[in-house]
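run_8.txt (compact mmCIF, C-alpha atoms and all ligand atoms)
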```txt
# COMPACT_ATOMS: atom_id res chain seq x y z
CA MET Y 1 -28.18 -4.86 2.73
CA THR Y 2 -24.99 -5.20 4.80
CA ILE Y 3 -21.94 -4.41 2.68
CA PRO Y 4 -18.37 -4.76 3.95
CA HIS Y 5 -15.65 -2.25 3.12
CA VAL Y 6 -13.51 -5.02 1.61
CA ASP Y 7 -14.78 -8.56 1.07
CA VAL Y 8 -11.55 -10.55 1.03
CA HIS Y 9 -13.43 -13.84 1.33
CA ALA Y 10 -15.44 -13.14 -1.84
CA GLN Y 11 -12.17 -12.70 -3.74
CA TYR Y 12 -10.56 -15.98 -2.70
CA ALA Y 13 -13.71 -18.14 -2.29
CA PRO Y 14 -13.66 -19.43 -5.93
CA LEU Y 15 -10.02 -20.40 -5.41
CA ILE Y 16 -10.45 -22.44 -2.21
CA PRO Y 17 -9.90 -25.84 -3.93
CA GLU Y 18 -6.62 -24.54 -5.44
CA LEU Y 19 -5.59 -23.02 -2.09
CA LYS Y 20 -6.23 -26.36 -0.36
CA ASP Y 21 -4.03 -28.10 -2.95
CA ALA Y 22 -1.26 -25.55 -2.31
CA PHE Y 23 -1.64 -26.12 1.44
CA ALA Y 24 -1.38 -29.91 0.94
CA ARG Y 25 1.61 -29.54 -1.41
CA THR Y 26 3.48 -27.41 1.14
CA LEU Y 27 2.65 -29.90 3.92
CA GLU Y 28 4.19 -32.63 1.78
CA THR Y 29 7.44 -30.70 1.25
CA GLY Y 30 7.73 -29.73 4.92
CA ARG Y 31 9.48 -26.51 3.81
CA PHE Y 32 7.69 -23.81 5.75
CA ILE Y 33 10.38 -21.11 5.81
CA PHE Y 34 11.96 -20.09 2.47
CA GLY Y 35 12.06 -23.18 0.20
CA PRO Y 36 10.75 -23.81 -3.33
CA GLU Y 37 7.42 -21.93 -3.02
CA VAL Y 38 9.15 -18.75 -1.80
CA GLU Y 39 11.80 -18.98 -4.52
CA ALA Y 40 9.17 -19.55 -7.22
CA PHE Y 41 7.02 -16.67 -5.95
CA GLU Y 42 9.99 -14.29 -5.92
CA ARG Y 43 10.77 -15.22 -9.54
CA GLU Y 44 7.15 -14.91 -10.69
CA ALA Y 45 6.64 -11.60 -8.88
CA ALA Y 46 9.79 -10.15 -10.51
CA GLU Y 47 8.49 -11.21 -13.90
CA LYS Y 48 5.11 -9.62 -13.26
CA LEU Y 49 6.66 -6.36 -12.07
CA GLY Y 50 9.30 -6.30 -14.80
CA THR Y 51 12.13 -5.94 -12.27
CA ALA Y 52 15.46 -7.75 -12.09
CA GLU Y 53 14.60 -9.58 -8.89
CA THR Y 54 12.49 -9.53 -5.77
CA VAL Y 55 13.26 -10.27 -2.12
CA SER Y 56 10.36 -11.39 0.06
CA CYS Y 57 10.02 -10.61 3.77
CA ALA Y 58 7.52 -10.74 6.62
CA ASN Y 59 5.43 -7.61 5.87
CA GLY Y 60 5.38 -4.27 4.06
CA THR Y 61 6.72 -2.32 7.04
CA ASP Y 62 9.77 -4.58 7.33
CA ALA Y 63 10.26 -4.21 3.57
CA ILE Y 64 10.80 -0.45 4.04
CA VAL Y 65 13.02 -0.85 7.12
CA LEU Y 66 15.17 -3.44 5.31
CA VAL Y 67 15.58 -1.18 2.27
CA LEU Y 68 16.56 1.85 4.38
CA ASP Y 69 19.07 -0.28 6.28
CA ALA Y 70 20.50 -1.83 3.11
CA MET Y 71 20.90 1.65 1.60
CA GLY Y 72 22.80 2.83 4.67
CA ILE Y 73 20.17 5.31 5.90
CA GLU Y 74 21.04 6.16 9.50
CA PRO Y 75 20.46 8.73 12.27
CA GLY Y 76 20.90 12.29 11.00
CA ASP Y 77 19.71 11.36 7.49
CA GLU Y 78 16.48 12.77 6.12
CA VAL Y 79 14.00 10.91 3.94
CA ILE Y 80 11.16 12.85 2.31
CA CYS Y 81 7.75 11.18 2.29
CA PRO Y 82 4.12 12.34 2.08
CA ALA Y 83 2.26 13.53 5.19
CA PHE Y 84 -0.80 11.75 3.76
CA THR Y 85 -0.09 8.00 3.87
CA PHE Y 86 -0.35 5.08 6.25
CA TYR Y 87 1.74 5.55 9.40
CA ALA Y 88 4.12 2.67 8.50
CA THR Y 89 5.80 4.75 5.77
CA ALA Y 90 7.15 7.30 8.26
CA GLU Y 91 7.44 4.81 11.11
CA ALA Y 92 9.95 2.75 9.11
CA ILE Y 93 12.13 5.85 8.56
CA ALA Y 94 11.95 6.74 12.26
CA ARG Y 95 12.64 3.11 13.21
CA ARG Y 96 16.03 3.45 11.47
CA GLY Y 97 16.68 6.54 13.58
CA ALA Y 98 16.49 8.73 10.47
CA THR Y 99 14.20 11.77 10.16
CA PRO Y 100 10.97 11.57 8.17
CA VAL Y 101 10.59 14.92 6.39
CA PHE Y 102 7.02 15.38 5.27
CA ALA Y 103 5.89 17.03 2.06
CA ASP Y 104 2.35 17.93 1.04
CA ILE Y 105 0.24 16.14 -1.56
CA ASP Y 106 -1.26 17.10 -4.90
CA PRO Y 107 -4.99 17.60 -4.20
CA VAL Y 108 -6.05 15.76 -7.38
CA THR Y 109 -3.84 12.67 -7.21
CA LEU Y 110 -3.47 12.64 -3.38
CA ASN Y 111 0.16 11.68 -4.07
CA LEU Y 112 3.42 13.40 -3.12
CA ASP Y 113 3.64 16.87 -4.69
CA PRO Y 114 6.99 17.28 -6.55
CA ALA Y 115 6.95 21.08 -6.06
CA ASP Y 116 6.69 20.72 -2.29
CA VAL Y 117 9.36 17.99 -2.28
CA GLU Y 118 11.71 20.40 -4.01
CA ARG Y 119 11.24 22.94 -1.19
CA ARG Y 120 12.16 20.35 1.45
CA VAL Y 121 15.37 18.93 0.01
CA THR Y 122 18.44 19.72 2.16
CA GLU Y 123 22.04 18.48 2.16
CA ARG Y 124 20.90 15.81 4.64
CA THR Y 125 18.23 14.38 2.29
CA LYS Y 126 19.26 10.82 1.49
CA ALA Y 127 16.17 9.55 -0.33
CA ILE Y 128 12.67 10.40 -1.54
CA MET Y 129 9.90 7.95 -0.73
CA PRO Y 130 6.78 8.48 -2.83
CA VAL Y 131 3.74 6.33 -1.99
CA HIS Y 132 1.45 5.04 -4.75
CA LEU Y 133 -1.54 5.89 -2.63
CA PHE Y 134 -4.77 3.93 -3.00
CA GLY Y 135 -3.23 2.20 -6.06
CA ARG Y 136 -2.62 5.37 -8.06
CA PRO Y 137 0.88 5.74 -9.56
CA ALA Y 138 2.83 8.60 -7.95
CA ALA Y 139 4.82 11.17 -9.96
CA ASP Y 140 8.30 10.34 -11.27
CA PHE Y 141 10.96 11.62 -8.84
CA SER Y 142 14.00 10.39 -10.76
CA GLY Y 143 14.87 13.96 -11.84
CA PHE Y 144 15.81 14.96 -8.27
CA GLY Y 145 19.14 13.14 -8.45
CA LEU Y 146 18.40 11.36 -5.16
CA PRO Y 147 17.67 7.67 -4.53
CA VAL Y 148 13.95 6.96 -4.88
CA ILE Y 149 12.32 4.28 -2.73
CA GLU Y 150 8.75 3.59 -3.88
CA ASP Y 151 6.31 2.56 -1.17
CA ALA Y 152 4.08 0.48 -3.43
CA ALA Y 153 2.30 -1.33 -0.56
CA GLN Y 154 -1.07 -0.46 -2.11
CA ALA Y 155 -0.22 -0.78 -5.79
CA PHE Y 156 0.96 -4.19 -7.00
CA GLY Y 157 0.59 -4.22 -10.78
CA ALA Y 158 -0.16 -0.50 -11.11
CA GLY Y 159 1.25 1.17 -14.23
CA GLY Y 160 4.64 2.88 -13.95
CA ILE Y 161 5.54 1.45 -10.55
CA ALA Y 162 8.73 -0.37 -9.51
CA THR Y 163 10.74 1.62 -12.04
CA SER Y 164 13.23 2.86 -9.40
CA ILE Y 165 16.09 0.85 -7.98
CA VAL Y 166 13.90 -0.38 -5.18
CA SER Y 167 10.16 -0.62 -4.33
CA THR Y 168 8.33 -2.16 -1.40
CA PHE Y 169 5.03 -4.08 -1.23
CA SER Y 170 2.63 -5.34 1.43
CA PHE Y 171 0.42 -8.42 1.18
CA PHE Y 172 -1.82 -7.52 4.12
CA PRO Y 173 -5.16 -9.26 3.35
CA THR Y 174 -6.99 -6.10 2.21
CA LYS Y 175 -4.31 -5.18 -0.34
CA ASN Y 176 -4.96 -5.66 -4.06
CA LEU Y 177 -2.46 -8.55 -4.06
CA PHE Y 178 -2.85 -10.23 -0.71
CA ALA Y 179 -1.71 -13.16 1.41
CA LEU Y 180 -3.84 -15.11 3.87
CA GLY Y 181 -1.85 -13.45 6.64
CA ASP Y 182 1.11 -11.07 6.62
CA GLY Y 183 3.68 -10.84 3.86
CA GLY Y 184 5.95 -8.32 2.17
CA LEU Y 185 8.18 -7.94 -0.87
CA ILE Y 186 10.96 -5.72 -2.20
CA SER Y 187 11.57 -5.37 -5.92
CA VAL Y 188 15.19 -4.56 -6.72
CA ASN Y 189 17.03 -3.54 -9.87
CA ASP Y 190 20.51 -3.70 -8.33
CA ALA Y 191 22.16 -7.07 -7.72
CA GLU Y 192 24.42 -5.89 -4.90
CA LEU Y 193 21.54 -4.26 -3.03
CA ALA Y 194 19.44 -7.41 -3.52
CA GLN Y 195 22.18 -9.57 -2.05
CA ARG Y 196 22.47 -7.31 0.98
CA LEU Y 197 18.67 -7.39 1.45
CA ARG Y 198 18.67 -11.20 1.32
CA MET Y 199 21.25 -11.28 4.08
CA LEU Y 200 19.62 -8.55 6.19
CA ARG Y 201 16.25 -10.34 6.23
CA PHE Y 202 18.04 -13.42 7.59
CA HIS Y 203 20.12 -12.15 10.54
CA GLY Y 204 22.69 -10.57 8.22
CA SER Y 205 23.85 -13.92 6.96
CA ALA Y 206 24.01 -15.78 3.64
CA ALA Y 207 24.30 -19.28 5.07
CA LYS Y 208 23.56 -19.18 8.81
CA LYS Y 209 27.22 -19.65 9.61
CA GLU Y 210 28.96 -16.35 9.17
CA PHE Y 211 27.00 -13.24 10.20
CA LEU Y 212 28.10 -10.15 8.29
CA TYR Y 213 25.53 -7.61 9.49
CA VAL Y 214 23.29 -7.03 12.48
CA GLY Y 215 20.15 -7.95 10.61
CA TYR Y 216 16.54 -8.99 11.13
CA ASN Y 217 14.42 -12.09 11.15
CA SER Y 218 11.90 -11.15 8.47
CA ARG Y 219 10.81 -13.98 6.21
CA LEU Y 220 7.85 -14.87 4.04
CA ASP Y 221 6.70 -18.38 4.86
CA GLY Y 222 6.27 -21.12 2.29
CA MET Y 223 2.53 -21.46 2.83
CA GLN Y 224 1.90 -17.75 2.11
CA ALA Y 225 4.17 -17.92 -0.93
CA ALA Y 226 2.18 -20.89 -2.25
CA PHE Y 227 -1.09 -18.91 -1.83
CA LEU Y 228 0.45 -15.76 -3.33
CA ARG Y 229 1.53 -17.67 -6.44
CA ILE Y 230 -2.13 -18.57 -7.06
CA PHE Y 231 -3.34 -15.01 -6.41
CA LEU Y 232 -0.65 -13.54 -8.65
CA ARG Y 233 -2.14 -15.42 -11.60
CA HIS Y 234 -5.47 -13.65 -10.98
CA LEU Y 235 -4.05 -10.20 -10.32
CA ASP Y 236 -4.58 -8.73 -13.79
CA ASP Y 237 -8.24 -9.81 -13.78
CA TRP Y 238 -8.70 -8.50 -10.24
CA ASN Y 239 -7.11 -5.13 -11.07
CA ALA Y 240 -9.31 -4.89 -14.18
CA SER Y 241 -12.38 -5.68 -12.08
CA ARG Y 242 -11.44 -2.93 -9.60
CA ARG Y 243 -11.06 -0.44 -12.46
CA GLU Y 244 -14.47 -1.41 -13.86
CA ALA Y 245 -16.12 -1.02 -10.45
CA ALA Y 246 -14.40 2.35 -9.99
CA ALA Y 247 -15.69 3.57 -13.36
CA ARG Y 248 -19.22 2.50 -12.36
CA TYR Y 249 -18.99 4.40 -9.06
CA THR Y 250 -17.70 7.51 -10.81
CA GLU Y 251 -20.64 7.46 -13.21
CA MET Y 252 -23.23 6.78 -10.50
CA LEU Y 253 -21.85 9.39 -8.08
CA GLU Y 254 -21.85 12.32 -10.45
CA GLY Y 255 -23.18 15.43 -8.72
CA ILE Y 256 -23.25 13.72 -5.32
CA VAL Y 257 -19.62 13.82 -4.16
CA GLU Y 258 -16.25 14.66 -5.70
CA THR Y 259 -15.04 11.51 -7.44
CA PRO Y 260 -11.40 10.58 -8.18
CA GLU Y 261 -10.01 11.52 -11.57
CA ASP Y 262 -9.12 8.33 -13.43
CA GLU Y 263 -5.62 7.63 -14.69
CA ASP Y 264 -4.16 4.79 -16.76
CA GLY Y 265 -2.47 2.31 -14.49
CA HIS Y 266 -4.52 3.18 -11.37
CA VAL Y 267 -5.47 -0.14 -9.74
CA TYR Y 268 -7.89 1.28 -7.14
CA HIS Y 269 -6.63 -0.45 -4.03
CA MET Y 270 -9.25 1.91 -2.59
CA TYR Y 271 -11.99 3.96 -4.24
CA CYS Y 272 -12.04 7.28 -2.37
CA VAL Y 273 -14.34 10.24 -2.83
CA ARG Y 274 -14.17 13.67 -1.21
CA SER Y 275 -16.82 15.77 0.46
CA PRO Y 276 -16.84 18.68 2.92
CA GLU Y 277 -19.78 16.80 4.48
CA ARG Y 278 -17.68 13.65 4.88
CA ASP Y 279 -18.52 13.01 8.53
CA ARG Y 280 -22.25 13.15 7.90
CA LEU Y 281 -21.95 10.85 4.88
CA SER Y 282 -19.82 8.47 6.93
CA ALA Y 283 -22.49 8.41 9.68
CA ALA Y 284 -25.20 7.65 7.08
CA LEU Y 285 -23.16 4.74 5.69
CA LYS Y 286 -22.61 3.43 9.21
CA ASP Y 287 -26.37 3.61 9.95
CA ALA Y 288 -27.01 1.65 6.75
CA ASP Y 289 -24.45 -1.02 7.76
CA ILE Y 290 -22.15 -0.15 4.90
CA GLY Y 291 -18.44 -0.62 5.60
CA HIS Y 292 -16.16 2.25 4.62
CA ALA Y 293 -12.99 3.97 5.81
CA VAL Y 294 -11.79 7.47 6.47
CA TYR Y 295 -8.06 7.94 5.72
CA TYR Y 296 -5.72 9.26 7.18
CA GLN Y 297 -6.86 10.90 10.33
CA PRO Y 298 -5.02 12.52 11.95
CA PRO Y 299 -2.45 12.87 9.18
CA LEU Y 300 1.10 11.80 9.95
CA HIS Y 301 2.55 15.17 10.96
CA LEU Y 302 -0.08 15.37 13.74
CA GLN Y 303 0.34 11.81 15.07
CA PRO Y 304 1.32 11.71 18.76
CA ALA Y 305 4.35 9.44 18.20
CA LEU Y 306 5.81 11.89 15.68
CA ARG Y 307 5.29 15.06 17.72
CA TYR Y 308 9.04 15.22 18.31
CA LEU Y 309 9.45 16.18 14.64
CA GLY Y 310 7.98 19.58 15.53
CA TYR Y 311 5.21 19.92 12.95
CA SER Y 312 1.92 21.61 13.76
CA GLU Y 313 -1.57 22.07 12.34
CA GLY Y 314 -1.59 24.16 9.17
CA ASP Y 315 1.82 22.90 7.97
CA PHE Y 316 0.36 20.76 5.15
CA PRO Y 317 -2.92 22.34 3.97
CA GLU Y 318 -3.73 19.84 1.19
CA THR Y 319 -3.01 16.87 3.44
CA GLU Y 320 -5.18 18.29 6.21
CA LYS Y 321 -8.03 19.03 3.79
CA ALA Y 322 -7.86 15.54 2.30
CA SER Y 323 -7.83 14.09 5.82
CA ARG Y 324 -11.08 15.98 6.58
CA GLU Y 325 -12.79 15.11 3.30
CA ASN Y 326 -11.64 11.60 2.36
CA LEU Y 327 -14.16 8.76 2.30
CA CYS Y 328 -13.24 5.31 0.95
CA LEU Y 329 -16.21 3.28 -0.30
CA PRO Y 330 -16.70 -0.49 -0.45
CA LEU Y 331 -14.53 -1.99 -3.16
CA TRP Y 332 -12.99 -5.35 -4.01
CA ALA Y 333 -12.48 -7.40 -7.14
CA GLY Y 334 -15.94 -8.75 -7.96
CA ILE Y 335 -18.10 -6.25 -6.02
CA GLU Y 336 -21.58 -6.43 -7.53
CA GLU Y 337 -23.27 -3.55 -9.32
CA GLU Y 338 -26.26 -3.95 -7.00
CA GLN Y 339 -24.02 -3.46 -3.96
CA GLN Y 340 -22.50 -0.34 -5.48
CA ALA Y 341 -25.98 1.02 -6.30
CA GLU Y 342 -26.97 0.57 -2.66
CA VAL Y 343 -23.89 2.52 -1.48
CA VAL Y 344 -24.68 5.30 -3.95
CA SER Y 345 -28.35 5.50 -2.93
CA VAL Y 346 -27.38 5.94 0.75
CA LEU Y 347 -24.93 8.70 -0.19
CA LYS Y 348 -27.49 10.35 -2.44
CA ARG Y 349 -30.13 10.40 0.29
CA ALA Y 350 -27.65 11.67 2.89
CA SER Y 351 -26.32 14.43 0.66
CA ALA Y 352 -29.88 15.56 -0.20
CA ILE Y 353 -30.61 15.88 3.53
CA VAL Y 354 -27.37 17.82 4.07
CA ARG Y 355 -28.27 20.26 1.28
CA SER Y 356 -31.93 20.81 2.30
C1 LIG S 401 1.33 2.86 2.26
C2 LIG S 401 1.66 1.71 3.15
N1 LIG S 401 2.94 1.52 3.53
C3 LIG S 401 3.29 0.48 4.31
C4 LIG S 401 2.36 -0.42 4.77
C5 LIG S 401 2.79 -1.50 5.72
O1 LIG S 401 2.50 -2.79 5.27
P1 LIG S 401 2.28 -3.98 6.33
O2 LIG S 401 0.98 -3.77 7.00
O3 LIG S 401 2.33 -5.21 5.49
O4 LIG S 401 3.43 -3.93 7.30
C6 LIG S 401 1.02 -0.27 4.39
C7 LIG S 401 -0.04 -1.21 4.75
O5 LIG S 401 -0.50 -1.51 5.74
C8 LIG S 401 0.66 0.84 3.58
O6 LIG S 401 -0.61 1.05 3.21
```
Just dump the structure as structure tokens.
Amino acid sequence: MTIPHVDVHAQYAPLIPELKDAFARTLETGRFIFGPEVEAFEREAAEKLGTAETVSCANGTDAIVLVLDAMGIEPGDEVICPAFTFYATAEAIARRGATPVFADIDPVTLNLDPADVERRVTERTKAIMPVHLFGRPAADFSGFGLPVIEDAAQAFGAGGIATSIVSTFSFFPTKNLFALGDGGLISVNDAELAQRLRMLRFHGSAAKKEFLYVGYNSRLDGMQAAFLRIFLRHLDDWNASRREAAARYTEMLEGIVETPEDEDGHVYHMYCVRSPERDRLSAALKDADIGHAVYYQPPLHLQPALRYLGYSEGDFPETEKASRENLCLPLWAGIEEEQQAEVVSVLKRASAIVRS
């Protein structure tokens, strides 16, 4: 049985008639950039997240760059983020000319470790950027007295997210809330910051006449917004389905690999297990035609593009261990029990061989 890592098509297939209607409706309006669908999606997303407003943009990486720019983060400033996350988190900080300062992760949650963050704060620290990794809510960093920017690219609808002034989201098609292409969003609880973000995403201008900032061209298009409005209505069911599938895996995998500890509000963008025999288990899944992923390897502090930061192997022990042991199994909203059982049986067989 071939099983993909993420079956995006299976998630949207039942909605194809609605998606076609949205496509036709947008064709009728002729409003492909900004327009009524984008405005409606921004309103509906803010409502769902419980934030004052949202500002859409072209993708989740731009969302971070725009926020850093709008907050005045510039060369010489430091922003603390986890060493164990997707490259875009740190890339966006470096793109602004600021310095990504890595901190290690908590081995249980795989999220930014507050104790290690505390050790890395300096007078140049301008913000802390926790990542709600794999859909699991990160710790609360509001007590540090520094601006918190939540990278919530993997966690739309997770509990306790978007509580800071500003959070960023990605709608890359494998995300738990996805577009049929690229898309990004910023949730904002500060009207002035929101206004600046709206201008920055559009060449630093409010009305294409007077240009107040050197900005960007980073817009969500009307077609994607129309699709996202449909998907947003299914998000709670999808997140619940992911949680159910995760609970099934955890039960079935007992004694085979280390399973993630559950937490209220975790939306399981990914279901990741750990094993010192990860590479062998990964090879067995590959032989059985079962899609999976190994994140994040090498971790950010060892990525070639970030060598100039001066980190070396051994600097972040928990990150490096997670990078060696992490294995993300097939998961999407609606994955069938039979498919999960197949994944588990391959892992069971492979781990028995490893142990014998
Ligand atoms: C944690 C994290 N941050 C940022 C991004 C960047 O999002 P995008 O691919 O939409 O630019 C992603 C996703 O790819 C991500 O997983």
For chain Y against ligand LIG 401 (chain S), with a cut-off of 7 Å and counting all atoms listed in the file, what is the closest atom pair and its distance in Å to one decimal for every residue that makes the cut, ordered by chain and number, as JSON lines?
```
{"residue": "Y:Asn59", "atom": "CA", "partner": "S:LIG401", "partner_atom": "O3", "distance": 3.9}
{"residue": "Y:Gly60", "atom": "CA", "partner": "S:LIG401", "partner_atom": "O1", "distance": 3.5}
{"residue": "Y:Thr61", "atom": "CA", "partner": "S:LIG401", "partner_atom": "O4", "distance": 3.7}
{"residue": "Y:Asp62", "atom": "CA", "partner": "S:LIG401", "partner_atom": "O4", "distance": 6.4}
{"residue": "Y:Thr85", "atom": "CA", "partner": "S:LIG401", "partner_atom": "C1", "distance": 5.6}
{"residue": "Y:Phe86", "atom": "CA", "partner": "S:LIG401", "partner_atom": "C1", "distance": 4.9}
{"residue": "Y:Ala88", "atom": "CA", "partner": "S:LIG401", "partner_atom": "C3", "distance": 4.8}
{"residue": "Y:Thr89", "atom": "CA", "partner": "S:LIG401", "partner_atom": "N1", "distance": 4.9}
{"residue": "Y:Val131", "atom": "CA", "partner": "S:LIG401", "partner_atom": "C1", "distance": 6.0}
{"residue": "Y:Leu133", "atom": "CA", "partner": "S:LIG401", "partner_atom": "C1", "distance": 6.4}
{"residue": "Y:Asp151", "atom": "CA", "partner": "S:LIG401", "partner_atom": "N1", "distance": 5.9}
{"residue": "Y:Ala152", "atom": "CA", "partner": "S:LIG401", "partner_atom": "C1", "distance": 6.8}
{"residue": "Y:Ala153", "atom": "CA", "partner": "S:LIG401", "partner_atom": "C2", "distance": 4.8}
{"residue": "Y:Gln154", "atom": "CA", "partner": "S:LIG401", "partner_atom": "O6", "distance": 5.5}
{"residue": "Y:Ser170", "atom": "CA", "partner": "S:LIG401", "partner_atom": "O3", "distance": 4.1}
{"residue": "Y:Phe171", "atom": "CA", "partner": "S:LIG401", "partner_atom": "O3", "distance": 5.7}
{"residue": "Y:Phe172", "atom": "CA", "partner": "S:LIG401", "partner_atom": "O3", "distance": 4.9}
{"residue": "Y:Asp182", "atom": "CA", "partner": "S:LIG401", "partner_atom": "O3", "distance": 6.1}
{"residue": "Y:Gly183", "atom": "CA", "partner": "S:LIG401", "partner_atom": "O3", "distance": 6.0}
{"residue": "Y:Gly184", "atom": "CA", "partner": "S:LIG401", "partner_atom": "O3", "distance": 5.8}
```
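The spacing separating CA of Thr168 in chain Y from CA of Gly145 in chain Y amounts to 20.0 Å.
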Just how far from CA of Gly157 in chain Y is CA of Trp238 in chain Y, in Å to one decimal?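 A separation of 10.2 Å between them.
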Which residue of Y:Ala10, Y:Ala206, Y:Leu329, Y:Ile33 approaches Ala226 in chain Y most closely, using all atoms listed in the file: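 Among the listed residues, the smallest separation from Ala226 in chain Y belongs to Y:Ile33.
Those residues that approach Glu150 in chain Y to within 8 Å, counting only C-alpha atoms, are Met129, Pro130, Val131, His132, Ile161, Ala162, Ser164, Val166, Ser167 and Thr168 of chain Y; same-chain residues fewer than 4 positions away are not listed.
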Quick one: everything within 12 Å of Tyr213 in chain Y, counting all atoms listed in the file, minus sequence neighbours fewer than 2 positions away in the same chain. Send it as a list in words.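 Here the answer would be Leu66, Asp69, Ala70, Gly72, Arg196, Leu197, Arg198, Met199, Leu200, Arg201, Phe202, His203, Gly204, Ser205, Ala206, Lys208, Glu210, Phe211, Gly215 and Tyr216 of chain Y.
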Hey, can you check how far CA of Phe169 in chain Y sits from CA of Ile186 in chain Y?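 CA of Ile186 in chain Y lies at a distance of 6.2 Å from CA of Phe169 in chain Y.
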Considering all atoms listed in the file, can you say which of Y:Ala52, Y:Leu68, Y:Leu331, Y:Ala45 comes closest to Pro147 in chain Y?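 Looking only at the distances to Pro147 in chain Y, the closest residue turns out to be Y:Leu68.
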Of the candidates Y:Arg229, Y:Arg95, Y:Arg248, Y:Arg307, which shows the shortest atom-to-atom distance to Ala40 in chain Y, using only C-alpha atoms? Y:Arg229
For a quick check of understanding, using all atoms listed in the file, which of Y:Leu177, Y:Arg96, Y:Tyr87, Y:Glu18 has the smallest distance to Lys48 in chain Y?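 Looking at the shortest contact to Lys48 in chain Y, the residue is Y:Leu177.
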For Arg349 in chain Y, list every protein, DNA or RNA residue within 12 Å, evaluated using all atoms listed in the file, and leave out those in the same chain fewer than 4 positions away; present the list as a PyMOL selection string. chain Y and resi 253+256-257+280-281+284-285+288+342-345+353-356
What would range 300-304 of chain Y look like with all heavy atoms in place, written as a CSV table (one decimal), keeping the file's coordinate frame?
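Output file selection.csv follows:
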```csv
chain,number,residue,atom,x,y,z
Y,300,LEU,N,-0.1,12.2,9.3
Y,300,LEU,CA,1.1,11.8,10.0
Y,300,LEU,C,1.8,12.9,10.8
Y,300,LEU,O,2.3,12.6,11.8
Y,300,LEU,CB,2.1,11.2,8.9
Y,300,LEU,CG,1.7,9.9,8.3
Y,300,LEU,CD1,2.9,9.3,7.6
Y,300,LEU,CD2,1.1,9.0,9.3
Y,301,HIS,N,1.8,14.1,10.2
Y,301,HIS,CA,2.6,15.2,11.0
Y,301,HIS,C,1.9,15.5,12.3
Y,301,HIS,O,2.5,16.2,13.1
Y,301,HIS,CB,2.7,16.4,10.1
Y,301,HIS,CG,1.5,17.1,9.7
Y,301,HIS,ND1,0.5,16.5,8.8
Y,301,HIS,CD2,1.0,18.3,10.0
Y,301,HIS,CE1,-0.5,17.4,8.7
Y,301,HIS,NE2,-0.2,18.5,9.4
Y,302,LEU,N,0.6,15.1,12.5
Y,302,LEU,CA,-0.1,15.4,13.7
Y,302,LEU,C,-0.2,14.1,14.6
Y,302,LEU,O,-1.0,14.1,15.6
Y,302,LEU,CB,-1.5,16.0,13.4
Y,302,LEU,CG,-1.4,17.3,12.6
Y,302,LEU,CD1,-2.8,17.8,12.3
Y,302,LEU,CD2,-0.6,18.4,13.3
Y,303,GLN,N,0.4,13.0,14.3
Y,303,GLN,CA,0.3,11.8,15.1
Y,303,GLN,C,1.2,12.0,16.3
Y,303,GLN,O,2.3,12.5,16.3
Y,303,GLN,CB,0.9,10.6,14.3
Y,303,GLN,CG,-0.1,10.1,13.2
Y,303,GLN,CD,-1.4,9.5,13.7
Y,303,GLN,OE1,-1.5,9.2,14.9
Y,303,GLN,NE2,-2.3,9.4,12.8
Y,304,PRO,N,0.6,11.5,17.5
Y,304,PRO,CA,1.3,11.7,18.8
Y,304,PRO,C,2.8,11.2,18.7
Y,304,PRO,O,3.7,11.9,19.3
Y,304,PRO,CB,0.5,10.9,19.7
Y,304,PRO,CG,-0.9,10.8,19.1
Y,304,PRO,CD,-0.7,10.9,17.6
```
